[in-house]
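Below is one structure, written out as structure tokens; the observations come after it.
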Amino acid sequence: MAARRPSPGRTLVIFFLGIAVLYSLVALTASWKPALGLDLQGGTRISLKALNSPSKDNLEEARKIIDQRVNGTGVSEASVTTSGSDEIVVEVPGDTKNRNELEDTVKRTAQLRFRLVACADADPGASATACAGGSGTPTLQRAAPFGADKGKGGKGKKTQSPTASATPTGTASATPGDSGSDQPSDSTSPSTDATTDPAGDGKEWTTQDSLDWAQAPDAEAVAAYNALSCDKEGNVVDAKGKPGATTKDPKVAAYAVDTPDHALVSCEVRGGSVIKYLLSRSVIEGTELTDAAAQIPQNQVDWVVTIDMGNDKDKANPPGSPGAEDDFEKISEALVNTNRLFAIVLDGKVLSAPTMNAVIHDGRSEISGDFNETTATSLANSLKYGALPIAFDKDPKVEEIGPSLAGNQLQAGLTAGAIGVLLVMLYCLLYYRGLGLVVVASLFVAASITYAMVLLLSEAAGFTLTLPGIAGLIIAVGITADSFIIFFERIRDEMREGRSMRVAVESGWARARVTRMAANTVSVLSALVLYIFASGVVKGFGFALGLSTLVDLAVLFWFTKPMVSYLAQFKAFNSGHKLSGLSKETLGTDTPRTRVVGGEA
């Protein structure tokens with residue numbers, strides 16, 4: 001039995017239902033205007049002044065990292081350039097409602113370190129308190145595999161960071177071992193300075209040494225912790241409110257500077273309170289991070305940042321050599337279900353100090369806290385694209401900028417595009433007549449789908465429409481018109497050979513389809529090359545061109561062809577009416593042929 005051909009009417013109904021769903025999604029975003037780029041709308045300019053006269057290579061490396069951060073999706077078309085020998089200028093299109101987050105993303109040095117918590121205090125300036133965790137403390141949890149149910153596998157539930165931390169339970173003395181922890185102190189715990197090796201014999205400081213130290217911090221570290229406090233912004237300050245690193249006591253000042261081989265006094269701003277911590281040496285460096293992403297885990301509603309320490313066991317490490325995964329696993333085994341805290345420190349400030357609720361074997365975990373989509377994405381991009389090799393002035397120059405193109409230039413571009421589209425429509429109506437109406441309808445359908453996609457991508461992926469992007473969309477009109485011309489000419493060729501329109505549509509489509517697929521594949525590959533290897537507005541041009549080409553394929557397969565098949569059912573088209581565009585005169589088959597009889601004309 002021959003396969004039943006799909007009904008063109010059914011295909012058209014399903015296609016228009018798809019467009020209705022598309023515009024329903026647009027309605028949910030409540031945005032009916034596309035985001036415009038710097039050239040059309042303007043935006044925010046941030047000028048970063050580098051410190052300590054960086055080298056040209058370091059400045060360029062920092063520029064590339066910042067460019068990757070602000071153009072994380074590849075289509076926001078932010079401009080990142082160097083100016084002079086010590087300045088990087090970032091220009092981001094759009095309004096400035098998220099200016100603070102943008103500044104933080106741009107200038108964040110992204111020095112990520114993982115440290116063990118020895119002491120914590122919820123009140124600035126208060127004395128040291130044991131770090132026993134407590135209710136309301138965020139958790140660091142094992143990240144579930146893609147698509148897995150996070151409520152299974154013995155995985156504890158993530159708890160939100162509270163407005164205030166757990167109330168201090170007591171004051172830690174300067175005596176080593178009196179940490180106030182609910183865990184017994186190890187008699188072999190080191191009591192030496194955090195800047196020296198634990199045994200004083202040149203032995204390398206191990207993860208176990210850090211775990212022991214966090215249970216019994218040395219006297220100097222506790223004294224520095226008591227001497228320092230936190231201001232409202234989460235900065236470490238001395239008793240006079242000045243930066244802790246500038247205090248006259250070098251032993252105290254050393255604990256206010258984030259260096260990997262030294263203990264640290266740090267702060268976390270959580271809701272309306274500030275929490276002070278005494279932290280161990282860095283047990284895992286952020287450079288061992290292989291991936292980071294912002295997402296909402298399955299069956300949850302809050303944003304988290306997933307981190308992956310990589311698979312050290314698959315790397316070319318000597319058998320038995322420790323790696324980030326091994327350290328992470330050992331730490332999680334020691335801390336799991338003990339209420340002891342594990343601090344995630346970014347640029348010297350505690351981002352989160354979660355407890356462990358599972359043993360992490362594969363290096364994959366989540367940073368949970370008071371995140372929204374913007375802050376989670378900003379942090380993930382900063383971690384994913386690496387640390388900046390240079391430091392910048394704390395107060396960058398931030399200003400609003402206007403569009404780089406005058407309004408008449410945009411108007412001229414849109415006018416040229418409109419004239420081009422109208423000329424294509426007029427030509428198709430004059431040449432193809434009735435079939436030309438299919439061309440006009442197809443162009444309108446393609447335009448509506450493209451516009452909806454631009455709106456959705458503006459919201460979902462930060463796509464901004466620039467003048468080159470508009471040019472890419474207009475150029476695609478020619479690609480779309482090519483599709484119609486090839487298909488219609490195939491139909492006309494089949495009808496010249498004496499086939500009916502119904503038969504000609506199917507046989508012509510079989511031949512035209514292959515040609516259009518090949519041509520559009522070339523266009524998509526060209527757009528992909530531009531998107532991958534180009535930058536700035538050229539990348540946006542390639543993206544717009546590729547999007548329009550894919551829309552052309554969808555319209556050709558699910559609108560134009562079914563529409564022509566539907567029209568073939570009507571006598572006016574099937575019989576070759578003059579206005580159908582398929583009459584004998586139009587096809588050139590009305591001229592009488594001369595027969596040769598007996599060798600004479």
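So you can find residues: chains in the structure tokens are A, B, ... in the order shown, residues in each start at 1, and ligands are numbered from 1 in order.
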May I have the residues within 6 Å of segment 391-406 of chain A as a PDB file with C-alpha atoms, in the first residue's frame, using only C-alpha atoms and disregarding those fewer than 4 positions away in the same chain?
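Saved as result-v4.pdb:
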```pdb
ATOM      1  CA  LEU A  38      25.347  50.317  20.479  1.00  0.00           C
ATOM      2  CA  ASP A  39      25.060  51.785  17.000  1.00  0.00           C
ATOM      3  CA  LEU A  40      21.273  52.157  17.218  1.00  0.00           C
ATOM      4  CA  GLN A  41      20.515  52.641  20.907  1.00  0.00           C
ATOM      5  CA  GLY A  42      23.680  53.437  22.826  1.00  0.00           C
ATOM      6  CA  GLY A  43      24.392  51.956  26.226  1.00  0.00           C
ATOM      7  CA  THR A  44      26.954  52.012  29.031  1.00  0.00           C
ATOM      8  CA  ARG A  45      30.678  52.671  28.794  1.00  0.00           C
ATOM      9  CA  ILE A  46      33.009  51.449  31.554  1.00  0.00           C
ATOM     10  CA  SER A  47      36.618  52.629  31.513  1.00  0.00           C
ATOM     11  CA  LEU A  48      38.945  50.402  33.548  1.00  0.00           C
ATOM     12  CA  LYS A  49      42.273  51.862  34.638  1.00  0.00           C
ATOM     13  CA  ALA A  50      44.925  49.169  35.115  1.00  0.00           C
ATOM     14  CA  LEU A  51      47.298  49.361  38.069  1.00  0.00           C
TER      15      LEU A  51
END
```
Subject >> Separation of atom CA of Thr29 of chain A from atom CA of Ala446 of chain A, in Å and rounded to one decimal >> reply: 21.1 Å
Original post:
In Å, with one decimal, what is the gap from atom CA of Leu545 of chain A to atom CA of Trp32 of chain A?
Top reply: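 So the two atoms, atom CA of Leu545 of chain A and atom CA of Trp32 of chain A, lie 21.4 Å apart.
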Original post:
Taking only C-alpha atoms into account, which of A:Ala62, A:Val13, A:Ala35, A:Leu279 comes nearest Leu455 of chain A?
Top reply: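 Ranked by minimum distance to Leu455 of chain A, first place goes to A:Ala35.
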Original post:
Interatomic distance between atom CA of Ala358 of chain A and atom CA of Pro297 of chain A?
Top reply: 16.5 Å
